[in-house]
$ cat coords-v2.cif   # mmCIF, C-alpha atoms
data_protein
loop_
_atom_site.group_PDB
_atom_site.id
_atom_site.type_symbol
_atom_site.label_atom_id
_atom_site.label_comp_id
_atom_site.auth_asym_id
_atom_site.auth_seq_id
_atom_site.Cartn_x
_atom_site.Cartn_y
_atom_site.Cartn_z
ATOM 1 C CA MET A 1 -84.442 -10.607 -169.164
ATOM 2 C CA ALA A 2 -81.138 -9.580 -167.805
ATOM 3 C CA PHE A 3 -80.641 -7.002 -164.871
ATOM 4 C CA THR A 4 -77.785 -4.571 -165.020
ATOM 5 C CA ARG A 5 -76.381 -2.334 -162.184
ATOM 6 C CA ALA A 6 -77.375 1.261 -162.556
ATOM 7 C CA THR A 7 -74.615 3.642 -163.282
ATOM 8 C CA GLY A 8 -74.196 7.335 -163.424
ATOM 9 C CA LYS A 9 -74.106 10.207 -160.959
ATOM 10 C CA HIS A 10 -77.380 9.336 -159.276
ATOM 11 C CA ARG A 11 -76.072 6.020 -157.876
ATOM 12 C CA ALA A 12 -74.821 6.297 -154.282
ATOM 13 C CA PRO A 13 -71.352 4.968 -153.631
ATOM 14 C CA SER A 14 -71.169 1.744 -151.694
ATOM 15 C CA ARG A 15 -69.916 1.511 -148.039
ATOM 16 C CA LEU A 16 -66.736 -0.130 -149.200
ATOM 17 C CA THR A 17 -66.172 2.674 -151.656
ATOM 18 C CA ARG A 18 -66.715 5.305 -148.864
ATOM 19 C CA ARG A 19 -64.348 3.507 -146.518
ATOM 20 C CA THR A 20 -61.744 3.341 -149.259
ATOM 21 C CA ALA A 21 -62.137 7.023 -150.002
ATOM 22 C CA SER A 22 -61.843 7.920 -146.336
ATOM 23 C CA LEU A 23 -58.672 5.952 -145.946
ATOM 24 C CA ALA A 24 -57.307 7.497 -149.109
ATOM 25 C CA GLY A 25 -58.011 10.931 -147.693
ATOM 26 C CA ILE A 26 -56.265 10.099 -144.460
ATOM 27 C CA ALA A 27 -53.291 8.856 -146.419
ATOM 28 C CA THR A 28 -53.247 12.080 -148.409
ATOM 29 C CA ILE A 29 -53.340 14.146 -145.177
ATOM 30 C CA ALA A 30 -50.510 12.118 -143.694
ATOM 31 C CA THR A 31 -48.479 12.636 -146.876
ATOM 32 C CA THR A 32 -49.080 16.325 -147.505
ATOM 33 C CA GLY A 33 -49.752 17.608 -143.975
ATOM 34 C CA VAL A 34 -52.543 19.843 -145.265
ATOM 35 C CA ILE A 35 -55.268 18.815 -142.795
ATOM 36 C CA GLY A 36 -57.555 21.788 -143.134
ATOM 37 C CA THR A 37 -57.683 21.654 -146.957
ATOM 38 C CA LEU A 38 -57.978 17.947 -147.728
ATOM 39 C CA ALA A 39 -59.912 16.471 -144.733
ATOM 40 C CA SER A 40 -63.168 17.458 -143.119
ATOM 41 C CA PRO A 41 -63.749 17.592 -139.299
ATOM 42 C CA ALA A 42 -65.847 14.474 -139.459
ATOM 43 C CA LEU A 43 -63.064 12.632 -141.229
ATOM 44 C CA ALA A 44 -60.533 13.721 -138.542
ATOM 45 C CA ALA A 45 -62.813 12.554 -135.764
ATOM 46 C CA GLU A 46 -63.309 9.219 -137.473
ATOM 47 C CA ALA A 47 -59.559 8.843 -137.853
ATOM 48 C CA GLU A 48 -59.028 9.654 -134.156
ATOM 49 C CA ALA A 49 -61.683 7.145 -133.130
ATOM 50 C CA ALA A 50 -60.090 4.516 -135.335
ATOM 51 C CA SER A 51 -56.723 5.271 -133.752
ATOM 52 C CA VAL A 52 -58.112 4.871 -130.185
ATOM 53 C CA GLU A 53 -59.938 1.682 -131.126
ATOM 54 C CA ASP A 54 -56.992 0.189 -132.959
ATOM 55 C CA THR A 55 -54.254 0.928 -130.298
ATOM 56 C CA GLY A 56 -55.825 1.463 -126.848
ATOM 57 C CA LEU A 57 -52.757 3.592 -125.856
ATOM 58 C CA THR A 58 -54.699 6.311 -124.008
ATOM 59 C CA GLN A 59 -56.351 3.868 -121.662
ATOM 60 C CA VAL A 60 -53.066 2.090 -120.981
ATOM 61 C CA VAL A 61 -51.267 5.357 -120.171
ATOM 62 C CA SER A 62 -54.049 6.535 -117.822
ATOM 63 C CA VAL A 63 -54.186 3.265 -115.888
ATOM 64 C CA GLY A 64 -50.381 3.089 -115.618
ATOM 65 C CA THR A 65 -50.108 6.667 -114.251
ATOM 66 C CA LEU A 66 -52.763 6.029 -111.569
ATOM 67 C CA ALA A 67 -51.041 2.827 -110.466
ATOM 68 C CA ASP A 68 -47.717 4.697 -110.139
ATOM 69 C CA GLU A 69 -49.336 7.420 -108.022
ATOM 70 C CA ILE A 70 -50.904 4.830 -105.701
ATOM 71 C CA ALA A 71 -47.579 3.018 -105.388
ATOM 72 C CA ASP A 72 -45.781 6.311 -104.594
ATOM 73 C CA GLN A 73 -48.358 7.184 -101.934
ATOM 74 C CA ALA A 74 -48.074 3.741 -100.372
ATOM 75 C CA ALA A 75 -44.273 4.017 -100.340
ATOM 76 C CA ALA A 76 -44.450 7.490 -98.753
ATOM 77 C CA GLN A 77 -46.849 6.219 -96.084
ATOM 78 C CA GLN A 78 -44.558 3.269 -95.404
ATOM 79 C CA ARG A 79 -41.548 5.579 -95.045
ATOM 80 C CA ALA A 80 -43.506 7.871 -92.722
ATOM 81 C CA ALA A 81 -44.581 4.893 -90.599
ATOM 82 C CA GLU A 82 -41.017 3.599 -90.427
ATOM 83 C CA GLU A 83 -39.695 7.050 -89.454
ATOM 84 C CA ALA A 84 -42.360 7.350 -86.745
ATOM 85 C CA GLN A 85 -41.454 3.923 -85.394
ATOM 86 C CA ALA A 86 -37.753 4.820 -85.450
ATOM 87 C CA GLN A 87 -38.454 8.062 -83.585
ATOM 88 C CA ALA A 88 -40.585 6.201 -81.024
ATOM 89 C CA ARG A 89 -37.821 3.634 -80.507
ATOM 90 C CA ALA A 90 -35.215 6.389 -80.162
ATOM 91 C CA LYS A 91 -37.404 8.242 -77.641
ATOM 92 C CA ALA A 92 -38.037 5.079 -75.642
ATOM 93 C CA LYS A 93 -34.317 4.286 -75.669
ATOM 94 C CA ALA A 94 -33.447 7.807 -74.522
ATOM 95 C CA GLU A 95 -36.037 7.655 -71.733
ATOM 96 C CA ALA A 96 -34.769 4.234 -70.635
ATOM 97 C CA GLU A 97 -31.182 5.523 -70.610
ATOM 98 C CA ALA A 98 -32.197 8.606 -68.623
ATOM 99 C CA LYS A 99 -34.046 6.391 -66.137
ATOM 100 C CA ARG A 100 -31.042 4.075 -65.866
ATOM 101 C CA ARG A 101 -28.710 6.990 -65.212
ATOM 102 C CA ALA A 102 -31.076 8.468 -62.630
ATOM 103 C CA GLU A 103 -31.319 5.113 -60.863
ATOM 104 C CA ALA A 104 -27.526 4.757 -60.997
ATOM 105 C CA ARG A 105 -27.098 8.233 -59.483
ATOM 106 C CA ALA A 106 -29.655 7.452 -56.789
ATOM 107 C CA LYS A 107 -27.893 4.151 -56.044
ATOM 108 C CA GLU A 108 -24.524 5.897 -55.837
ATOM 109 C CA ALA A 109 -26.011 8.504 -53.502
ATOM 110 C CA ARG A 110 -27.507 5.793 -51.270
ATOM 111 C CA GLU A 111 -24.256 3.865 -51.214
ATOM 112 C CA ALA A 112 -22.277 7.022 -50.434
ATOM 113 C CA LYS A 113 -24.694 7.836 -47.621
ATOM 114 C CA GLU A 114 -24.452 4.297 -46.279
ATOM 115 C CA ARG A 115 -20.650 4.387 -46.459
ATOM 116 C CA ALA A 116 -20.620 7.703 -44.628
ATOM 117 C CA ALA A 117 -22.952 6.308 -41.978
ATOM 118 C CA ARG A 118 -20.805 3.188 -41.571
ATOM 119 C CA GLU A 119 -17.666 5.287 -41.332
ATOM 120 C CA ALA A 120 -19.275 7.579 -38.777
ATOM 121 C CA GLU A 121 -20.421 4.559 -36.764
ATOM 122 C CA ARG A 122 -16.983 2.987 -37.018
ATOM 123 C CA LYS A 123 -15.381 6.182 -35.769
ATOM 124 C CA ARG A 124 -17.927 6.449 -32.979
ATOM 125 C CA LEU A 125 -17.361 2.862 -31.887
ATOM 126 C CA ASN A 126 -13.613 3.350 -32.002
ATOM 127 C CA SER A 127 -13.704 6.708 -30.266
ATOM 128 C CA PHE A 128 -12.986 7.417 -26.606
ATOM 129 C CA ARG A 129 -14.337 10.018 -24.192
ATOM 130 C CA LEU A 130 -14.307 11.065 -20.554
ATOM 131 C CA PRO A 131 -16.086 8.722 -18.131
ATOM 132 C CA ILE A 132 -18.047 11.721 -16.833
ATOM 133 C CA ALA A 133 -18.865 14.461 -19.336
ATOM 134 C CA GLY A 134 -17.193 17.784 -18.566
ATOM 135 C CA SER A 135 -15.362 16.440 -15.527
ATOM 136 C CA TYR A 136 -11.722 16.742 -14.560
ATOM 137 C CA VAL A 137 -9.105 14.905 -12.467
ATOM 138 C CA THR A 138 -9.029 15.755 -8.756
ATOM 139 C CA THR A 139 -6.461 13.129 -7.649
ATOM 140 C CA GLY A 140 -3.695 12.052 -9.972
ATOM 141 C CA TYR A 141 -2.208 8.690 -10.826
ATOM 142 C CA GLN A 142 0.249 7.159 -8.290
ATOM 143 C CA THR A 143 -0.369 9.866 -5.756
ATOM 144 C CA GLY A 144 1.064 8.619 -2.427
ATOM 145 C CA GLY A 145 -0.694 8.427 0.905
ATOM 146 C CA SER A 146 -2.205 6.255 3.615
ATOM 147 C CA LEU A 147 -5.587 6.251 1.921
ATOM 148 C CA TRP A 148 -4.454 3.454 -0.395
ATOM 149 C CA SER A 149 -3.397 0.028 0.817
ATOM 150 C CA SER A 150 -0.629 -0.146 -1.760
ATOM 151 C CA GLY A 151 0.725 3.200 -0.666
ATOM 152 C CA SER A 152 -0.149 4.950 -3.954
ATOM 153 C CA HIS A 153 -3.154 5.705 -6.127
ATOM 154 C CA SER A 154 -3.680 2.997 -8.772
ATOM 155 C CA GLY A 155 -5.935 5.226 -10.878
ATOM 156 C CA VAL A 156 -7.287 8.761 -11.017
ATOM 157 C CA ASP A 157 -10.305 10.359 -9.353
ATOM 158 C CA PHE A 158 -12.754 12.387 -11.442
ATOM 159 C CA ARG A 159 -14.974 14.998 -9.892
ATOM 160 C CA ALA A 160 -18.474 13.506 -9.746
ATOM 161 C CA PRO A 161 -21.311 14.846 -7.621
ATOM 162 C CA MET A 162 -23.556 12.110 -6.235
ATOM 163 C CA GLY A 163 -25.691 10.494 -8.917
ATOM 164 C CA SER A 164 -23.666 11.720 -11.903
ATOM 165 C CA SER A 165 -23.928 9.524 -15.023
ATOM 166 C CA VAL A 166 -20.840 7.339 -15.451
ATOM 167 C CA VAL A 167 -20.301 6.148 -19.040
ATOM 168 C CA ALA A 168 -18.025 3.780 -20.911
ATOM 169 C CA VAL A 169 -14.982 5.582 -22.250
ATOM 170 C CA GLY A 170 -15.018 3.309 -25.350
ATOM 171 C CA SER A 171 -16.494 0.153 -26.843
ATOM 172 C CA GLY A 172 -16.089 -3.063 -24.912
ATOM 173 C CA THR A 173 -17.624 -5.937 -22.968
ATOM 174 C CA VAL A 174 -18.563 -5.978 -19.289
ATOM 175 C CA VAL A 175 -16.398 -8.520 -17.422
ATOM 176 C CA GLU A 176 -17.278 -7.407 -13.875
ATOM 177 C CA ALA A 177 -20.335 -5.624 -12.512
ATOM 178 C CA GLY A 178 -21.170 -5.346 -8.775
ATOM 179 C CA TRP A 179 -19.414 -5.199 -5.477
ATOM 180 C CA GLY A 180 -15.623 -4.891 -5.662
ATOM 181 C CA GLY A 181 -14.464 -4.621 -2.034
ATOM 182 C CA ALA A 182 -12.510 -1.395 -1.501
ATOM 183 C CA TYR A 183 -13.807 -0.145 -4.877
ATOM 184 C CA GLY A 184 -17.406 -0.476 -3.693
ATOM 185 C CA ASN A 185 -19.842 -0.975 -6.550
ATOM 186 C CA ASN A 186 -17.698 -1.144 -9.660
ATOM 187 C CA VAL A 187 -17.672 -2.069 -13.359
ATOM 188 C CA VAL A 188 -14.729 -3.486 -15.312
ATOM 189 C CA LEU A 189 -14.746 -3.449 -19.129
ATOM 190 C CA LYS A 190 -12.580 -5.325 -21.565
ATOM 191 C CA MET A 191 -12.112 -2.777 -24.330
ATOM 192 C CA ASN A 192 -12.161 -3.729 -27.996
ATOM 193 C CA ASP A 193 -8.459 -2.923 -28.275
ATOM 194 C CA GLY A 194 -7.663 -5.548 -25.592
ATOM 195 C CA THR A 195 -7.099 -3.160 -22.698
ATOM 196 C CA TYR A 196 -9.311 -2.858 -19.570
ATOM 197 C CA THR A 197 -10.956 0.048 -17.746
ATOM 198 C CA GLN A 198 -12.464 0.188 -14.246
ATOM 199 C CA TYR A 199 -15.131 2.480 -12.766
ATOM 200 C CA GLY A 200 -15.344 2.443 -8.916
ATOM 201 C CA HIS A 201 -17.334 3.784 -5.919
ATOM 202 C CA LEU A 202 -20.622 3.766 -7.885
ATOM 203 C CA SER A 203 -23.923 4.289 -6.084
ATOM 204 C CA SER A 204 -25.630 1.963 -8.601
ATOM 205 C CA VAL A 205 -24.751 -0.288 -11.545
ATOM 206 C CA SER A 206 -26.867 -0.453 -14.721
ATOM 207 C CA VAL A 207 -25.032 -3.114 -16.774
ATOM 208 C CA SER A 208 -24.358 -6.840 -16.393
ATOM 209 C CA VAL A 209 -21.489 -9.208 -17.158
ATOM 210 C CA GLY A 210 -21.249 -10.165 -20.836
ATOM 211 C CA GLN A 211 -23.071 -7.058 -22.049
ATOM 212 C CA GLN A 212 -21.653 -5.155 -25.037
ATOM 213 C CA VAL A 213 -21.309 -1.402 -24.501
ATOM 214 C CA VAL A 214 -20.434 1.498 -26.774
ATOM 215 C CA PRO A 215 -18.743 4.831 -26.085
ATOM 216 C CA GLY A 216 -20.922 7.047 -23.936
ATOM 217 C CA GLN A 217 -23.240 4.246 -22.791
ATOM 218 C CA GLN A 218 -24.205 4.595 -19.129
ATOM 219 C CA LEU A 219 -22.657 2.051 -16.757
ATOM 220 C CA GLY A 220 -24.108 3.394 -13.525
ATOM 221 C CA LEU A 221 -24.282 6.426 -11.236
ATOM 222 C CA SER A 222 -21.452 7.922 -9.222
ATOM 223 C CA GLY A 223 -21.384 7.577 -5.463
ATOM 224 C CA SER A 224 -19.139 6.952 -2.472
ATOM 225 C CA THR A 225 -19.333 3.208 -1.855
ATOM 226 C CA GLY A 226 -16.334 1.140 -0.676
ATOM 227 C CA ASN A 227 -13.157 2.830 0.594
ATOM 228 C CA SER A 228 -14.157 6.426 -0.203
ATOM 229 C CA THR A 229 -14.114 9.765 1.594
ATOM 230 C CA GLY A 230 -16.862 11.317 -0.544
ATOM 231 C CA PRO A 231 -18.667 11.157 -3.934
ATOM 232 C CA HIS A 232 -16.299 10.810 -6.859
ATOM 233 C CA LEU A 233 -15.396 8.356 -9.640
ATOM 234 C CA HIS A 234 -12.305 6.189 -9.347
ATOM 235 C CA PHE A 235 -11.122 5.356 -12.885
ATOM 236 C CA GLU A 236 -8.365 2.915 -13.825
ATOM 237 C CA ALA A 237 -6.765 1.723 -17.084
ATOM 238 C CA ARG A 238 -5.288 -1.782 -16.936
ATOM 239 C CA THR A 239 -3.552 -4.367 -19.078
ATOM 240 C CA THR A 240 -5.665 -7.140 -17.483
ATOM 241 C CA ALA A 241 -8.879 -7.325 -15.492
ATOM 242 C CA GLU A 242 -6.978 -7.780 -12.230
ATOM 243 C CA TYR A 243 -5.779 -5.294 -9.686
ATOM 244 C CA GLY A 244 -2.079 -4.468 -9.987
ATOM 245 C CA SER A 245 -1.988 -4.283 -13.840
ATOM 246 C CA ASP A 246 -2.741 -0.570 -13.856
ATOM 247 C CA MET A 247 -1.260 2.007 -16.221
ATOM 248 C CA ASN A 248 -1.484 5.787 -16.358
ATOM 249 C CA PRO A 249 -5.179 6.568 -17.056
ATOM 250 C CA VAL A 250 -4.527 10.120 -18.271
ATOM 251 C CA ALA A 251 -1.895 8.966 -20.771
ATOM 252 C CA TYR A 252 -4.258 6.146 -21.804
ATOM 253 C CA LEU A 253 -7.119 8.538 -22.593
ATOM 254 C CA ARG A 254 -4.935 11.130 -24.248
ATOM 255 C CA ALA A 255 -3.410 8.484 -26.523
ATOM 256 C CA ARG A 256 -6.967 7.801 -27.725
ATOM 257 C CA GLY A 257 -7.813 11.393 -28.456
ATOM 258 C CA VAL A 258 -9.488 12.415 -25.196
ATOM 259 C CA ASN A 259 -8.743 15.862 -23.839
ATOM 260 C CA VAL A 260 -8.011 15.281 -20.148
#

$ encode --input "coords-v2.cif" --output "structure tokens"
Amino acid sequence: MAFTRATGKHRAPSRLTRRTASLAGIATIATTGVIGTLASPALAAEAEAASVEDTGLTQVVSVGTLADEIADQAAAQQRAAEEAQAQARAKAKAEAEAKRRAEARAKEAREAKERAAREAERKRLNSFRLPIAGSYVTTGYQTGGSLWSSGSHSGVDFRAPMGSSVVAVGSGTVVEAGWGGAYGNNVVLKMNDGTYTQYGHLSSVSVSVGQQVVPGQQLGLSGSTGNSTGPHLHFEARTTAEYGSDMNPVAYLRARGVNV
């Protein structure tokens, strides 16, 4: 007995037939553009699902956009970090430059102060003054009379009450200190400019031979030792350390800026 396939309206269409019909409907929609009339909602959904499954475009687009955003954020963070580092370097450089300039100014100020101090010391060492502060000449140079063995005064006498401080008129070296015959206790200095000065009739001597002295340094105290008629200071300016090489003491001091 032979079996035949049932036909007629009561036979359900096969899956292949439904799939073919669906695709035909989609084709019709694509051709006519009449979606609402020729295709049902279920058919549209199935077509959309088929499109997603067949292409995968939505997933690709989503993943690509997220990756771009992450890359942009990373690049922005990198730029921000680089800018911060650049600002930190610029700040450090500015601070270092400010410190360098401050140190340079401080160094210049120190050097200027040191130069001023050296110049002041140089001037002080090269300066001259009276052998007794505030004193004045009572007996002039080359004054004649029997009081002096040579017949005239080889120096000048400064007023000096007993015990007055006698100081070096300038910088020099002690070449004689002690008893000097008619000069009594005396000191002779070789000045730094090569001339000599003598301080006589002292009551005491406070320096020794070979000692370096500066202007205003005490040499001893005034008195009336040796050939003297009373307390005073005998002061001479000489070209050598020896007696007889005298020159005008007042002119000598005035030439060196001393008001006599």

$ axis_aligned_box --input "coords-v2.cif" --around "stretch 62-66 of chain A" --padding-each-side "8 Å" --output "AutoDock Vina command-line options"
--center_x -52.1 --center_y 4.9 --center_z -114.7 --size_x 20.1 --size_y 19.6 --size_z 22.3

$ resolve_selection --input "coords-v2.cif" --expression "the PyMOL selection byres ((chain A and resi 161) around 10)" --output "MDAnalysis selection string"
chainID A and resid 158:160 162:165 221:224 230:233

$ atom_distance --input "coords-v2.cif" --atom1 "atom CA of A:Asn185" --atom2 "atom CA of A:His201"
5.4 Å

$ resolve_selection --input "coords-v2.cif" --expression "the PyMOL selection byres ((chain A and resi 127-142) around 10)" --output "PyMOL selection string"
chain A and resi 121-126+143-145+148+150-160+164-171+199+214-219+221-222+232-236+246-251+253-260

$ write_last_selection --input "coords-v2.cif" --atoms "C-alpha atoms" --output "PDB file, keeping the file's coordinate frame"
ATOM      1  CA  GLU A 121     -20.421   4.559 -36.764  1.00  0.00           C
ATOM      2  CA  ARG A 122     -16.983   2.987 -37.018  1.00  0.00           C
ATOM      3  CA  LYS A 123     -15.381   6.182 -35.769  1.00  0.00           C
ATOM      4  CA  ARG A 124     -17.927   6.449 -32.979  1.00  0.00           C
ATOM      5  CA  LEU A 125     -17.361   2.862 -31.887  1.00  0.00           C
ATOM      6  CA  ASN A 126     -13.613   3.350 -32.002  1.00  0.00           C
ATOM      7  CA  THR A 143      -0.369   9.866  -5.756  1.00  0.00           C
ATOM      8  CA  GLY A 144       1.064   8.619  -2.427  1.00  0.00           C
ATOM      9  CA  GLY A 145      -0.694   8.427   0.905  1.00  0.00           C
ATOM     10  CA  TRP A 148      -4.454   3.454  -0.395  1.00  0.00           C
ATOM     11  CA  SER A 150      -0.629  -0.146  -1.760  1.00  0.00           C
ATOM     12  CA  GLY A 151       0.725   3.200  -0.666  1.00  0.00           C
ATOM     13  CA  SER A 152      -0.149   4.950  -3.954  1.00  0.00           C
ATOM     14  CA  HIS A 153      -3.154   5.705  -6.127  1.00  0.00           C
ATOM     15  CA  SER A 154      -3.680   2.997  -8.772  1.00  0.00           C
ATOM     16  CA  GLY A 155      -5.935   5.226 -10.878  1.00  0.00           C
ATOM     17  CA  VAL A 156      -7.287   8.761 -11.017  1.00  0.00           C
ATOM     18  CA  ASP A 157     -10.305  10.359  -9.353  1.00  0.00           C
ATOM     19  CA  PHE A 158     -12.754  12.387 -11.442  1.00  0.00           C
ATOM     20  CA  ARG A 159     -14.974  14.998  -9.892  1.00  0.00           C
ATOM     21  CA  ALA A 160     -18.474  13.506  -9.746  1.00  0.00           C
ATOM     22  CA  SER A 164     -23.666  11.720 -11.903  1.00  0.00           C
ATOM     23  CA  SER A 165     -23.928   9.524 -15.023  1.00  0.00           C
ATOM     24  CA  VAL A 166     -20.840   7.339 -15.451  1.00  0.00           C
ATOM     25  CA  VAL A 167     -20.301   6.148 -19.040  1.00  0.00           C
ATOM     26  CA  ALA A 168     -18.025   3.780 -20.911  1.00  0.00           C
ATOM     27  CA  VAL A 169     -14.982   5.582 -22.250  1.00  0.00           C
ATOM     28  CA  GLY A 170     -15.018   3.309 -25.350  1.00  0.00           C
ATOM     29  CA  SER A 171     -16.494   0.153 -26.843  1.00  0.00           C
ATOM     30  CA  TYR A 199     -15.131   2.480 -12.766  1.00  0.00           C
ATOM     31  CA  VAL A 214     -20.434   1.498 -26.774  1.00  0.00           C
ATOM     32  CA  PRO A 215     -18.743   4.831 -26.085  1.00  0.00           C
ATOM     33  CA  GLY A 216     -20.922   7.047 -23.936  1.00  0.00           C
ATOM     34  CA  GLN A 217     -23.240   4.246 -22.791  1.00  0.00           C
ATOM     35  CA  GLN A 218     -24.205   4.595 -19.129  1.00  0.00           C
ATOM     36  CA  LEU A 219     -22.657   2.051 -16.757  1.00  0.00           C
ATOM     37  CA  LEU A 221     -24.282   6.426 -11.236  1.00  0.00           C
ATOM     38  CA  SER A 222     -21.452   7.922  -9.222  1.00  0.00           C
ATOM     39  CA  HIS A 232     -16.299  10.810  -6.859  1.00  0.00           C
ATOM     40  CA  LEU A 233     -15.396   8.356  -9.640  1.00  0.00           C
ATOM     41  CA  HIS A 234     -12.305   6.189  -9.347  1.00  0.00           C
ATOM     42  CA  PHE A 235     -11.122   5.356 -12.885  1.00  0.00           C
ATOM     43  CA  GLU A 236      -8.365   2.915 -13.825  1.00  0.00           C
ATOM     44  CA  ASP A 246      -2.741  -0.570 -13.856  1.00  0.00           C
ATOM     45  CA  MET A 247      -1.260   2.007 -16.221  1.00  0.00           C
ATOM     46  CA  ASN A 248      -1.484   5.787 -16.358  1.00  0.00           C
ATOM     47  CA  PRO A 249      -5.179   6.568 -17.056  1.00  0.00           C
ATOM     48  CA  VAL A 250      -4.527  10.120 -18.271  1.00  0.00           C
ATOM     49  CA  ALA A 251      -1.895   8.966 -20.771  1.00  0.00           C
ATOM     50  CA  LEU A 253      -7.119   8.538 -22.593  1.00  0.00           C
ATOM     51  CA  ARG A 254      -4.935  11.130 -24.248  1.00  0.00           C
ATOM     52  CA  ALA A 255      -3.410   8.484 -26.523  1.00  0.00           C
ATOM     53  CA  ARG A 256      -6.967   7.801 -27.725  1.00  0.00           C
ATOM     54  CA  GLY A 257      -7.813  11.393 -28.456  1.00  0.00           C
ATOM     55  CA  VAL A 258      -9.488  12.415 -25.196  1.00  0.00           C
ATOM     56  CA  ASN A 259      -8.743  15.862 -23.839  1.00  0.00           C
ATOM     57  CA  VAL A 260      -8.011  15.281 -20.148  1.00  0.00           C
TER      58      VAL A 260
END

$ closest_residue --input "coords-v2.cif" --among "A:Ser204, A:Asn227, A:Leu66, A:Thr239" --to "A:Leu189" --atoms "all atoms listed in the file"
A:Thr239

$ closest_residue --input "coords-v2.cif" --among "A:Glu242, A:Glu119, A:Glu176, A:Glu103" --to "A:Gln211" --atoms "all atoms listed in the file"
A:Glu176

$ atom_distance --input "coords-v2.cif" --atom1 "atom CA of A:Glu111" --atom2 "atom CA of A:Lys93"
26.4 Å

$ atom_distance --input "coords-v2.cif" --atom1 "atom CA of A:Ser206" --atom2 "atom CA of A:Gly194"
22.6 Å

$ resolve_selection --input "coords-v2.cif" --expression "the PyMOL selection byres ((chain A and resi 179) around 12)" --output "MDAnalysis selection string"
chainID A and resid 176:178 180:188 199:205 225:227

$ decode --input "coords-v2.cif" --residues "stretch 218-229 of chain A" --atoms "N, CA, C and O atoms" --output "PDB file, in the first residue's frame"
ATOM      1  N   GLN A 218      99.956 104.067  71.445  1.00  0.00           N
ATOM      2  CA  GLN A 218     100.752 104.697  72.510  1.00  0.00           C
ATOM      3  C   GLN A 218     102.187 104.193  72.500  1.00  0.00           C
ATOM      4  O   GLN A 218     102.436 102.987  72.430  1.00  0.00           O
ATOM      5  N   LEU A 219     103.120 105.156  72.611  1.00  0.00           N
ATOM      6  CA  LEU A 219     104.552 104.847  72.673  1.00  0.00           C
ATOM      7  C   LEU A 219     105.081 104.985  74.095  1.00  0.00           C
ATOM      8  O   LEU A 219     106.081 104.346  74.456  1.00  0.00           O
ATOM      9  N   GLY A 220     104.446 105.808  74.877  1.00  0.00           N
ATOM     10  CA  GLY A 220     104.879 106.046  76.253  1.00  0.00           C
ATOM     11  C   GLY A 220     104.102 107.206  76.851  1.00  0.00           C
ATOM     12  O   GLY A 220     103.096 107.653  76.279  1.00  0.00           O
ATOM     13  N   LEU A 221     104.628 107.714  77.989  1.00  0.00           N
ATOM     14  CA  LEU A 221     103.993 108.844  78.672  1.00  0.00           C
ATOM     15  C   LEU A 221     104.964 110.010  78.719  1.00  0.00           C
ATOM     16  O   LEU A 221     106.181 109.838  78.862  1.00  0.00           O
ATOM     17  N   SER A 222     104.422 111.203  78.601  1.00  0.00           N
ATOM     18  CA  SER A 222     105.264 112.405  78.596  1.00  0.00           C
ATOM     19  C   SER A 222     105.880 112.644  79.978  1.00  0.00           C
ATOM     20  O   SER A 222     105.370 112.191  81.004  1.00  0.00           O
ATOM     21  N   GLY A 223     107.020 113.327  79.950  1.00  0.00           N
ATOM     22  CA  GLY A 223     107.708 113.623  81.203  1.00  0.00           C
ATOM     23  C   GLY A 223     108.704 114.755  81.024  1.00  0.00           C
ATOM     24  O   GLY A 223     108.527 115.610  80.134  1.00  0.00           O
ATOM     25  N   SER A 224     109.778 114.696  81.811  1.00  0.00           N
ATOM     26  CA  SER A 224     110.800 115.744  81.766  1.00  0.00           C
ATOM     27  C   SER A 224     112.181 115.149  81.975  1.00  0.00           C
ATOM     28  O   SER A 224     113.040 115.757  82.632  1.00  0.00           O
ATOM     29  N   THR A 225     112.419 113.978  81.402  1.00  0.00           N
ATOM     30  CA  THR A 225     113.717 113.320  81.542  1.00  0.00           C
ATOM     31  C   THR A 225     114.732 113.934  80.578  1.00  0.00           C
ATOM     32  O   THR A 225     114.359 114.523  79.564  1.00  0.00           O
ATOM     33  N   GLY A 226     116.028 113.732  80.855  1.00  0.00           N
ATOM     34  CA  GLY A 226     117.088 114.266  79.991  1.00  0.00           C
ATOM     35  C   GLY A 226     117.243 115.757  80.174  1.00  0.00           C
ATOM     36  O   GLY A 226     116.989 116.319  81.244  1.00  0.00           O
ATOM     37  N   ASN A 227     117.707 116.459  79.145  1.00  0.00           N
ATOM     38  CA  ASN A 227     117.934 117.900  79.189  1.00  0.00           C
ATOM     39  C   ASN A 227     116.598 118.613  79.001  1.00  0.00           C
ATOM     40  O   ASN A 227     116.192 118.943  77.888  1.00  0.00           O
ATOM     41  N   SER A 228     115.867 118.841  80.092  1.00  0.00           N
ATOM     42  CA  SER A 228     114.526 119.399  80.034  1.00  0.00           C
ATOM     43  C   SER A 228     114.311 120.352  81.214  1.00  0.00           C
ATOM     44  O   SER A 228     114.817 120.121  82.307  1.00  0.00           O
ATOM     45  N   THR A 229     113.544 121.383  80.971  1.00  0.00           N
ATOM     46  CA  THR A 229     113.229 122.357  82.020  1.00  0.00           C
ATOM     47  C   THR A 229     111.845 122.135  82.601  1.00  0.00           C
ATOM     48  O   THR A 229     111.422 122.861  83.497  1.00  0.00           O
TER      49      THR A 229
END
